$ cat structure.cif   # mmCIF, C-alpha atoms and all ligand atoms
data_model
loop_
_atom_site.label_atom_id
_atom_site.label_comp_id
_atom_site.auth_asym_id
_atom_site.auth_seq_id
_atom_site.Cartn_x
_atom_site.Cartn_y
_atom_site.Cartn_z
CA MET A 1 0.00 0.00 0.00
CA LEU A 2 2.86 2.40 0.84
CA ARG A 3 4.46 1.57 -2.50
CA GLN A 4 1.17 2.39 -4.28
CA LEU A 5 0.83 5.71 -2.46
CA ALA A 6 4.42 6.63 -3.35
CA GLN A 7 3.64 5.82 -6.98
CA VAL A 8 0.52 8.03 -6.87
CA LEU A 9 2.54 10.95 -5.44
CA ARG A 10 5.20 10.47 -8.14
CA ASP A 11 2.42 10.46 -10.77
CA ARG A 12 0.98 13.72 -9.40
CA LYS A 13 4.37 15.39 -9.94
CA GLN A 14 4.54 13.89 -13.42
CA LYS A 15 1.14 15.19 -14.59
CA PRO A 16 2.58 17.36 -17.42
CA ALA A 17 4.52 14.32 -18.69
CA MET A 18 1.20 12.55 -19.33
CA ALA A 19 1.07 14.46 -22.63
CA SER A 20 4.11 12.51 -23.88
CA ALA A 21 4.20 9.04 -25.44
CA ASP A 22 7.31 8.16 -23.38
CA TYR A 23 5.30 8.39 -20.15
CA TRP A 24 2.69 5.90 -21.42
CA ASP A 25 5.33 3.64 -23.01
CA ASP A 26 6.99 3.46 -19.62
CA ARG A 27 3.68 2.69 -17.87
CA ALA A 28 2.91 -0.08 -20.36
CA LYS A 29 6.31 -1.68 -19.68
CA SER A 30 6.63 -1.15 -15.93
CA ARG A 31 3.10 -1.82 -14.64
CA SER A 32 0.53 -4.54 -15.02
CA GLY A 33 -3.21 -4.92 -15.54
CA PHE A 34 -5.40 -1.82 -15.26
CA ALA A 35 -2.54 0.23 -13.74
CA ARG A 36 -1.04 0.59 -17.24
CA SER A 37 -3.78 2.90 -18.46
CA VAL A 38 -6.56 3.17 -15.84
CA TRP A 39 -6.15 3.42 -12.00
CA HIS A 40 -3.54 1.98 -9.64
CA SER A 41 -6.15 0.00 -7.73
CA GLN A 42 -7.23 -3.09 -9.67
CA SER A 43 -10.37 -3.58 -7.54
CA PHE A 44 -11.43 0.03 -8.14
CA SER A 45 -10.55 -0.10 -11.85
CA GLU A 46 -12.78 -3.14 -12.25
CA VAL A 47 -15.92 -1.36 -11.01
CA TRP A 48 -14.86 1.81 -12.88
CA ASP A 49 -14.50 -0.19 -16.09
CA GLU A 50 -17.96 -1.77 -15.66
CA ARG A 51 -19.56 1.61 -14.96
CA GLN A 52 -17.90 3.25 -17.98
CA GLN A 53 -19.09 0.44 -20.23
CA ALA A 54 -22.65 0.80 -18.87
CA ILE A 55 -22.64 4.59 -19.34
CA LEU A 56 -21.28 4.32 -22.88
CA ARG A 57 -23.75 1.56 -23.81
CA ASP A 58 -26.63 3.68 -22.49
CA ALA A 59 -25.47 6.84 -24.25
CA LEU A 60 -24.84 5.05 -27.54
CA VAL A 61 -28.21 3.28 -27.51
CA ALA A 62 -29.86 6.68 -26.90
CA LEU A 63 -27.81 8.30 -29.69
CA ASP A 64 -27.89 5.71 -32.45
CA GLY A 65 -29.61 2.57 -31.18
CA GLY A 66 -26.36 0.87 -30.08
CA LEU A 67 -23.10 -0.33 -31.53
CA ARG A 68 -23.88 -3.40 -33.63
CA GLY A 69 -22.48 -3.01 -37.15
CA ARG A 70 -21.08 0.49 -36.46
CA LYS A 71 -17.57 1.58 -37.41
CA VAL A 72 -16.04 3.15 -34.30
CA ALA A 73 -12.78 4.95 -33.51
CA ASP A 74 -11.42 4.72 -29.94
CA VAL A 75 -8.99 7.64 -29.67
CA GLY A 76 -6.33 7.25 -26.97
CA CYS A 77 -7.31 3.60 -26.62
CA GLY A 78 -4.63 2.70 -24.06
CA THR A 79 -4.34 -1.04 -23.54
CA GLY A 80 -7.64 -1.49 -25.37
CA ARG A 81 -10.27 -2.24 -22.72
CA ILE A 82 -12.85 0.10 -24.36
CA THR A 83 -11.89 -1.05 -27.88
CA ARG A 84 -12.57 -4.63 -26.77
CA PHE A 85 -15.89 -3.53 -25.22
CA LEU A 86 -16.82 -1.99 -28.60
CA ALA A 87 -15.85 -5.21 -30.41
CA ARG A 88 -17.88 -7.32 -27.96
CA GLU A 89 -20.89 -5.06 -28.61
CA GLY A 90 -20.62 -5.86 -32.33
CA ALA A 91 -18.82 -2.74 -33.61
CA ALA A 92 -15.92 -2.71 -36.08
CA ALA A 93 -13.49 -0.94 -33.76
CA THR A 94 -10.16 0.80 -34.41
CA GLY A 95 -8.03 1.98 -31.49
CA PHE A 96 -5.60 4.89 -31.92
CA ASP A 97 -2.87 5.71 -29.43
CA PHE A 98 0.48 7.54 -29.68
CA SER A 99 2.29 5.13 -27.34
CA PRO A 100 3.71 2.20 -29.38
CA GLU A 101 4.23 0.03 -26.27
CA THR A 102 0.63 0.58 -25.21
CA VAL A 103 -0.67 -0.23 -28.69
CA LYS A 104 1.34 -3.46 -28.65
CA VAL A 105 -0.29 -4.51 -25.37
CA ALA A 106 -3.75 -3.58 -26.75
CA ASP A 107 -3.16 -5.65 -29.86
CA ASP A 108 -1.77 -8.68 -27.96
CA GLU A 109 -4.57 -8.69 -25.36
CA THR A 110 -7.28 -8.29 -28.00
CA ARG A 111 -5.94 -11.25 -29.99
CA ALA A 112 -5.61 -13.29 -26.78
CA ALA A 113 -9.27 -12.53 -26.04
CA GLY A 114 -10.21 -13.83 -29.52
CA LEU A 115 -11.65 -10.46 -30.53
CA ASP A 116 -11.30 -8.62 -33.80
CA ALA A 117 -10.17 -4.95 -33.66
CA SER A 118 -7.43 -2.87 -35.30
CA PHE A 119 -4.87 -0.72 -33.53
CA VAL A 120 -2.91 2.17 -35.02
CA VAL A 121 -0.13 4.33 -33.56
CA ALA A 122 -1.29 7.94 -34.05
CA ASP A 123 -1.15 11.29 -32.26
CA ALA A 124 -4.65 12.60 -31.49
CA THR A 125 -3.41 16.22 -31.35
CA SER A 126 -1.69 16.23 -34.75
CA GLY A 127 -4.79 17.57 -36.52
CA ALA A 128 -5.73 14.42 -38.47
CA LEU A 129 -6.20 10.72 -37.79
CA PRO A 130 -4.50 8.48 -40.41
CA VAL A 131 -7.80 7.48 -42.06
CA ALA A 132 -9.99 8.81 -44.88
CA ASP A 133 -12.58 11.46 -43.96
CA GLY A 134 -15.94 10.23 -42.73
CA VAL A 135 -15.04 6.52 -42.36
CA PHE A 136 -16.40 6.15 -38.82
CA ASP A 137 -20.00 6.29 -37.59
CA LEU A 138 -18.74 7.22 -34.14
CA SER A 139 -15.49 8.52 -32.64
CA LEU A 140 -14.91 8.05 -28.95
CA ALA A 141 -12.26 9.32 -26.52
CA VAL A 142 -12.12 8.01 -22.96
CA GLY A 143 -9.66 9.68 -20.59
CA CYS A 144 -7.40 10.74 -23.45
CA LEU A 145 -7.94 14.37 -24.46
CA ALA A 146 -7.59 15.74 -20.91
CA VAL A 147 -4.04 14.34 -20.81
CA ALA A 148 -3.21 14.76 -24.51
CA CYS A 149 -4.08 18.46 -24.89
CA ARG A 150 -1.91 21.19 -23.39
CA ASP A 151 -4.37 23.99 -24.31
CA LEU A 152 -7.71 24.72 -25.95
CA ASP A 153 -6.11 24.98 -29.41
CA ALA A 154 -4.87 21.40 -29.09
CA LEU A 155 -8.34 20.33 -27.90
CA GLU A 156 -10.03 22.03 -30.85
CA ARG A 157 -7.51 20.41 -33.24
CA SER A 158 -8.08 16.96 -31.73
CA LEU A 159 -11.86 17.31 -31.82
CA GLY A 160 -11.60 18.58 -35.41
CA ALA A 161 -9.64 15.43 -36.33
CA MET A 162 -12.27 13.22 -34.67
CA ARG A 163 -15.05 15.10 -36.46
CA ALA A 164 -13.28 14.78 -39.84
CA ALA A 165 -12.91 11.01 -39.37
CA THR A 166 -16.65 10.70 -38.58
CA ARG A 167 -19.42 10.78 -41.21
CA GLY A 168 -21.96 13.62 -41.32
CA GLY A 169 -24.79 12.79 -38.91
CA GLY A 170 -22.45 10.52 -36.91
CA ALA A 171 -21.40 11.16 -33.32
CA VAL A 172 -18.35 12.12 -31.26
CA VAL A 173 -18.52 10.99 -27.64
CA LEU A 174 -16.11 12.01 -24.88
CA LEU A 175 -15.82 10.48 -21.41
CA GLU A 176 -13.09 12.63 -19.88
CA PRO A 177 -11.80 14.01 -16.56
CA ILE A 178 -12.80 17.65 -17.04
CA HIS A 179 -11.54 20.07 -14.36
CA HIS A 180 -10.06 23.52 -14.25
CA GLY A 181 -8.62 23.26 -10.72
CA ARG A 182 -4.99 22.34 -10.07
CA PHE A 183 -5.73 19.44 -7.73
CA PHE A 184 -8.01 17.34 -9.93
CA GLY A 185 -7.06 18.83 -13.31
CA ARG A 186 -4.94 16.64 -15.57
CA VAL A 187 -2.86 18.30 -18.33
CA LEU A 188 -5.68 20.40 -19.82
CA ARG A 189 -7.27 22.50 -17.06
CA GLU A 190 -10.44 24.00 -18.51
CA PRO A 191 -14.04 24.08 -17.30
CA VAL A 192 -16.62 22.04 -19.16
CA GLU A 193 -17.86 25.20 -20.93
CA GLY A 194 -14.39 25.53 -22.53
CA TRP A 195 -14.65 21.96 -23.85
CA VAL A 196 -18.14 22.53 -25.25
CA SER A 197 -17.04 25.79 -26.97
CA ALA A 198 -13.97 24.09 -28.50
CA ALA A 199 -16.25 21.31 -29.77
CA ARG A 200 -18.67 23.86 -31.26
CA ARG A 201 -15.77 25.53 -33.09
CA ALA A 202 -14.75 22.08 -34.36
CA GLY A 203 -18.23 21.58 -35.89
CA LEU A 204 -19.85 19.49 -33.13
CA ARG A 205 -23.26 20.03 -31.49
CA LEU A 206 -23.74 18.94 -27.87
CA VAL A 207 -26.68 16.54 -27.45
CA ASP A 208 -26.12 14.87 -24.05
CA ARG A 209 -24.02 15.32 -20.90
CA ARG A 210 -23.73 13.59 -17.54
CA GLY A 211 -21.18 12.88 -14.79
CA MET A 212 -19.51 9.75 -13.44
CA GLY A 213 -17.09 9.00 -10.61
CA LEU A 214 -18.13 10.97 -7.50
CA LEU A 215 -14.91 12.85 -6.71
CA PRO A 216 -14.39 12.03 -2.99
CA VAL A 217 -15.08 8.33 -3.61
CA ARG A 218 -12.92 8.20 -6.73
CA ALA A 219 -10.04 10.04 -5.02
CA ALA A 220 -10.17 7.77 -1.94
CA LEU A 221 -10.47 4.44 -3.73
CA SER A 222 -8.49 4.75 -6.95
CA SER A 223 -5.01 4.85 -5.42
CA VAL A 224 -5.00 2.13 -2.79
CA GLU A 225 -6.00 -1.50 -3.16
CA ALA A 226 -9.13 -1.73 -0.97
CA PRO A 227 -11.08 -5.02 -0.81
CA PRO A 228 -13.83 -5.45 -3.45
CA TRP A 229 -16.55 -5.85 -0.74
CA LEU A 230 -15.78 -2.25 0.29
CA VAL A 231 -15.07 -0.75 -3.14
CA ARG A 232 -18.24 -1.77 -4.97
CA PRO A 233 -20.89 -0.50 -2.49
CA LEU A 234 -19.03 2.78 -1.93
CA PHE A 235 -18.58 3.33 -5.64
CA ASP A 236 -22.23 2.44 -6.38
CA ALA A 237 -23.42 4.81 -3.64
CA GLY A 238 -21.34 7.61 -5.23
CA GLU A 239 -22.82 6.92 -8.65
CA GLY A 240 -26.30 6.93 -7.06
CA VAL A 241 -25.58 10.44 -5.78
CA LEU A 242 -24.51 11.62 -9.24
CA ASP A 243 -27.52 10.00 -10.91
CA ALA A 244 -29.91 11.68 -8.43
CA SER A 245 -29.73 15.07 -10.14
CA ALA A 246 -28.04 16.76 -13.09
CA TRP A 247 -27.17 19.59 -10.64
CA LEU A 248 -24.64 17.28 -8.96
CA GLU A 249 -22.59 16.83 -12.15
CA PRO A 250 -19.85 19.26 -10.91
CA LEU A 251 -19.05 16.65 -8.20
CA ALA A 252 -18.00 14.15 -10.87
CA ASP A 253 -14.42 13.33 -11.86
CA TYR A 254 -15.41 12.33 -15.41
CA ARG A 255 -18.00 13.91 -17.74
CA LEU A 256 -19.73 12.26 -20.65
CA LEU A 257 -20.26 14.72 -23.50
CA SER A 258 -22.06 13.44 -26.61
CA PHE A 259 -21.95 15.48 -29.81
CA ARG A 260 -23.61 15.18 -33.19
CA VAL A 261 -21.47 15.83 -36.28
CA ALA A 262 -23.08 18.64 -38.29
C1 LIG A 301 -5.69 7.43 -19.11
S1 LIG A 301 -5.24 6.49 -20.51
C2 LIG A 301 -6.84 5.97 -21.07
C3 LIG A 301 -6.76 4.78 -21.98
C4 LIG A 301 -8.10 4.22 -22.45
N1 LIG A 301 -8.87 5.18 -23.21
C5 LIG A 301 -8.91 3.73 -21.27
O1 LIG A 301 -9.79 4.48 -20.82
O2 LIG A 301 -8.65 2.62 -20.80
C6 LIG A 301 -4.80 7.75 -21.69
C7 LIG A 301 -4.31 7.20 -23.02
O3 LIG A 301 -4.26 8.30 -23.93
C8 LIG A 301 -3.11 8.14 -24.73
N2 LIG A 301 -2.72 9.45 -25.25
C9 LIG A 301 -2.33 10.55 -24.57
N3 LIG A 301 -2.03 11.55 -25.40
C10 LIG A 301 -2.26 11.08 -26.66
C11 LIG A 301 -2.14 11.64 -27.96
N4 LIG A 301 -1.69 12.90 -28.14
N5 LIG A 301 -2.47 10.89 -29.02
C12 LIG A 301 -2.90 9.61 -28.86
N6 LIG A 301 -3.01 9.01 -27.65
C13 LIG A 301 -2.71 9.74 -26.55
C14 LIG A 301 -2.07 7.56 -23.79
O4 LIG A 301 -1.02 6.90 -24.49
C15 LIG A 301 -2.91 6.61 -22.95
O5 LIG A 301 -2.91 5.32 -23.50
#

$ encode --input "structure.cif" --output "structure tokens" --more "lines below"
Ligand SMILES: C[S@@+](CC[C@H](N)C(=O)[O-])C[C@H]1O[C@@H](n2cnc3c(N)ncnc32)[C@H](O)[C@@H]1O
Amino acid sequence: MLRQLAQVLRDRKQKPAMASADYWDDRAKSRSGFARSVWHSQSFSEVWDERQQAILRDALVALDGGLRGRKVADVGCGTGRITRFLAREGAAATGFDFSPETVKVADDETRAAGLDASFVVADATSGALPVADGVFDLSLAVGCLAVACRDLDALERSLGAMRAATRGGGAVVLLEPIHHGRFFGRVLREPVEGWVSAARRAGLRLVDRRGMGLLPVRAALSSVEAPPWLVRPLFDAGEGVLDASAWLEPLADYRLLSFRVA
């Protein structure tokens, strides 16, 4: 537990480095399981993973009737847990990530799971994904743009690239840690209004938003390995609080923002 806390404190100091591929290459090589691209605590990451899948499934059913047969981009795919979720839901999924070591893990683990998905090394902030315009029905980013983008220009560029890769009438969905404070902010520290304005400038229209990961619960449970019998009820209680009212969304660590491509 002390080793985990020391690692968390080191990570806090390293926040700006999260915008570099070297940082994620190193994580992919030096850590195991969820700690490579989600949280340090495996027991917490497991319930987090389930909740993110449920939220995405819900949002995507509401948007377009679900994922079956859809072509989907997972931008900043990490070790591929969301890409594999997309594949299991029947989508033709492509994961993009700028960390070659992470992409290798994603590819290996997806093959080992007997699932079909493609993985490509690509920088989300470069202004274009290495695909033809409009090839995807949906482009998704989960926990990527808040660490990838150093400022609003980079965010607008990244969202513009996701929009360009998505067909007209398709959707761009973000599930991201959106904060402007120093303590919880990742690399990009902007309020949610800044994200929505950048998306509007990139040609995206907001159609849905909600929160996940009640901050005090997330902060307490994500760093240390607490037993599952404690983690799940506490986490579920936190999500119950967030679900109780849209007014409580500012208490969330992550925000889901769904956009329609004009
Ligand atoms: C917190 S992890 C999330 C991974 C995955 N989406 C998930 O939720 O399991 C952030 C990922 O974004 C990737 N990333 C950060 N900046 C990026 C960029 N500019 N282009 C592409 N990927 C990037 C990192 O390599 C890392 O795998």

$ residues_near_ligand --input "structure.cif" --ligand "ligand LIG 301 (chain A)" --cutoff "7 Å" --atoms "all atoms listed in the file" --output "number ranges by chain"
A: 18-21, 24, 37-38, 75-82, 96-99, 102, 122-125, 141-145, 147-149

$ closest_atom_pairs --input "structure.cif" --of "range 91-199 of chain A" --to "range 59-73 of chain A" --cutoff "9 Å" --atoms "only C-alpha atoms" --output "tab-separated table"
residue	atom	partner	partner_atom	distance
A:Ala91	CA	A:Arg70	CA	4.9
A:Ala92	CA	A:Lys71	CA	4.8
A:Ala93	CA	A:Val72	CA	4.8
A:Thr94	CA	A:Ala73	CA	5.0
A:Gly95	CA	A:Ala73	CA	6.0
A:Phe96	CA	A:Ala73	CA	7.4
A:Val135	CA	A:Lys71	CA	7.4
A:Phe136	CA	A:Lys71	CA	4.9
A:Asp137	CA	A:Lys71	CA	5.3
A:Leu138	CA	A:Val72	CA	4.9
A:Ser139	CA	A:Ala73	CA	4.6
A:Leu140	CA	A:Ala73	CA	5.9
A:Ala141	CA	A:Ala73	CA	8.3
A:Met162	CA	A:Ala73	CA	8.4
A:Ala165	CA	A:Ala73	CA	8.4
A:Thr166	CA	A:Ala73	CA	8.6
A:Gly170	CA	A:Asp64	CA	8.5
A:Ala171	CA	A:Leu63	CA	7.9
A:Val173	CA	A:Leu60	CA	8.7

$ atom_distance --input "structure.cif" --atom1 "CA of Gly213 in chain A" --atom2 "CA of Glu249 in chain A"
9.7 Å

$ atom_distance --input "structure.cif" --atom1 "CA of Pro228 in chain A" --atom2 "CA of Asp108 in chain A"
27.5 Å

$ closest_residue --input "structure.cif" --among "A:Tyr23, A:Trp39, A:Trp48, A:Phe184" --to "Glu101 in chain A" --atoms "all atoms listed in the file"
A:Tyr23

$ residues_around --input "structure.cif" --residues "Gln53 in chain A" --least-positions-apart "4" --cutoff "8 Å" --atoms "all atoms listed in the file" --output "MDAnalysis selection string"
chainID A and resid 49 57 82 85

$ residues_near_point --input "structure.cif" --point "(-18.8, 13.8, -23.2)" --cutoff "6 Å" --atoms "only C-alpha atoms" --output "PDB file with C-alpha atoms, in the coordinates of the input"
ATOM      1  CA  VAL A 173     -18.520  10.990 -27.640  1.00  0.00           C
ATOM      2  CA  LEU A 174     -16.110  12.010 -24.880  1.00  0.00           C
ATOM      3  CA  LEU A 175     -15.820  10.480 -21.410  1.00  0.00           C
ATOM      4  CA  ARG A 209     -24.020  15.320 -20.900  1.00  0.00           C
ATOM      5  CA  ARG A 255     -18.000  13.910 -17.740  1.00  0.00           C
ATOM      6  CA  LEU A 256     -19.730  12.260 -20.650  1.00  0.00           C
ATOM      7  CA  LEU A 257     -20.260  14.720 -23.500  1.00  0.00           C
ATOM      8  CA  SER A 258     -22.060  13.440 -26.610  1.00  0.00           C
TER       9      SER A 258
END

$ closest_residue --input "structure.cif" --among "A:Lys15, A:Ser41, A:Lys104, A:Leu86" --to "Lys29 in chain A" --atoms "all atoms listed in the file"
A:Lys104

$ residues_around --input "structure.cif" --residues "range 158-161 of chain A" --least-positions-apart "5" --cutoff "7 Å" --atoms "all atoms listed in the file" --output "VMD selection string"
chain A and resid 124 to 125 127 to 129 199 202

$ closest_residue --input "structure.cif" --among "A:Ala117, A:Ala220, A:Ile178, A:Ala54" --to "Ala146 in chain A" --atoms "all atoms listed in the file"
A:Ile178

$ closest_residue --input "structure.cif" --among "A:Glu225, A:Arg150, A:Phe259, A:Val172" --to "Glu190 in chain A" --atoms "only C-alpha atoms"
A:Arg150

$ closest_residue --input "structure.cif" --among "A:Val105, A:Val207, A:Leu152, A:Val120" --to "Pro191 in chain A" --atoms "all atoms listed in the file"
A:Leu152

$ atom_distance --input "structure.cif" --atom1 "CA of Arg182 in chain A" --atom2 "CA of Trp195 in chain A"
16.8 Å

$ closest_residue --input "structure.cif" --among "A:Leu115, A:Val121, A:Ala252, A:Val231" --to "Glu89 in chain A" --atoms "all atoms listed in the file"
A:Leu115

$ residues_around --input "structure.cif" --residues "Val47 in chain A" --least-positions-apart "5" --cutoff "9 Å" --atoms "all atoms listed in the file" --output "PDB file with C-alpha atoms, in the frame of the given file"
ATOM      1  CA  GLN A  42      -7.230  -3.090  -9.670  1.00  0.00           C
ATOM      2  CA  GLN A  52     -17.900   3.250 -17.980  1.00  0.00           C
ATOM      3  CA  PRO A 228     -13.830  -5.450  -3.450  1.00  0.00           C
ATOM      4  CA  VAL A 231     -15.070  -0.750  -3.140  1.00  0.00           C
ATOM      5  CA  ARG A 232     -18.240  -1.770  -4.970  1.00  0.00           C
ATOM      6  CA  PHE A 235     -18.580   3.330  -5.640  1.00  0.00           C
ATOM      7  CA  ASP A 236     -22.230   2.440  -6.380  1.00  0.00           C
TER       8      ASP A 236
END

$ decode --input "structure.cif" --residues "range 68-92 of chain A" --atoms "C-alpha atoms" --output "tab-separated table (two decimals), in the first residue's frame"
chain	number	residue	atom	x	y	z
A	68	ARG	CA	-23.88	-3.40	-33.63
A	69	GLY	CA	-22.48	-3.01	-37.15
A	70	ARG	CA	-21.08	0.49	-36.46
A	71	LYS	CA	-17.57	1.58	-37.41
A	72	VAL	CA	-16.04	3.15	-34.30
A	73	ALA	CA	-12.78	4.95	-33.51
A	74	ASP	CA	-11.42	4.72	-29.94
A	75	VAL	CA	-8.99	7.64	-29.67
A	76	GLY	CA	-6.33	7.25	-26.97
A	77	CYS	CA	-7.31	3.60	-26.62
A	78	GLY	CA	-4.63	2.70	-24.06
A	79	THR	CA	-4.34	-1.04	-23.54
A	80	GLY	CA	-7.64	-1.49	-25.37
A	81	ARG	CA	-10.27	-2.24	-22.72
A	82	ILE	CA	-12.85	0.10	-24.36
A	83	THR	CA	-11.89	-1.05	-27.88
A	84	ARG	CA	-12.57	-4.63	-26.77
A	85	PHE	CA	-15.89	-3.53	-25.22
A	86	LEU	CA	-16.82	-1.99	-28.60
A	87	ALA	CA	-15.85	-5.21	-30.41
A	88	ARG	CA	-17.88	-7.32	-27.96
A	89	GLU	CA	-20.89	-5.06	-28.61
A	90	GLY	CA	-20.62	-5.86	-32.33
A	91	ALA	CA	-18.82	-2.74	-33.61
A	92	ALA	CA	-15.92	-2.71	-36.08
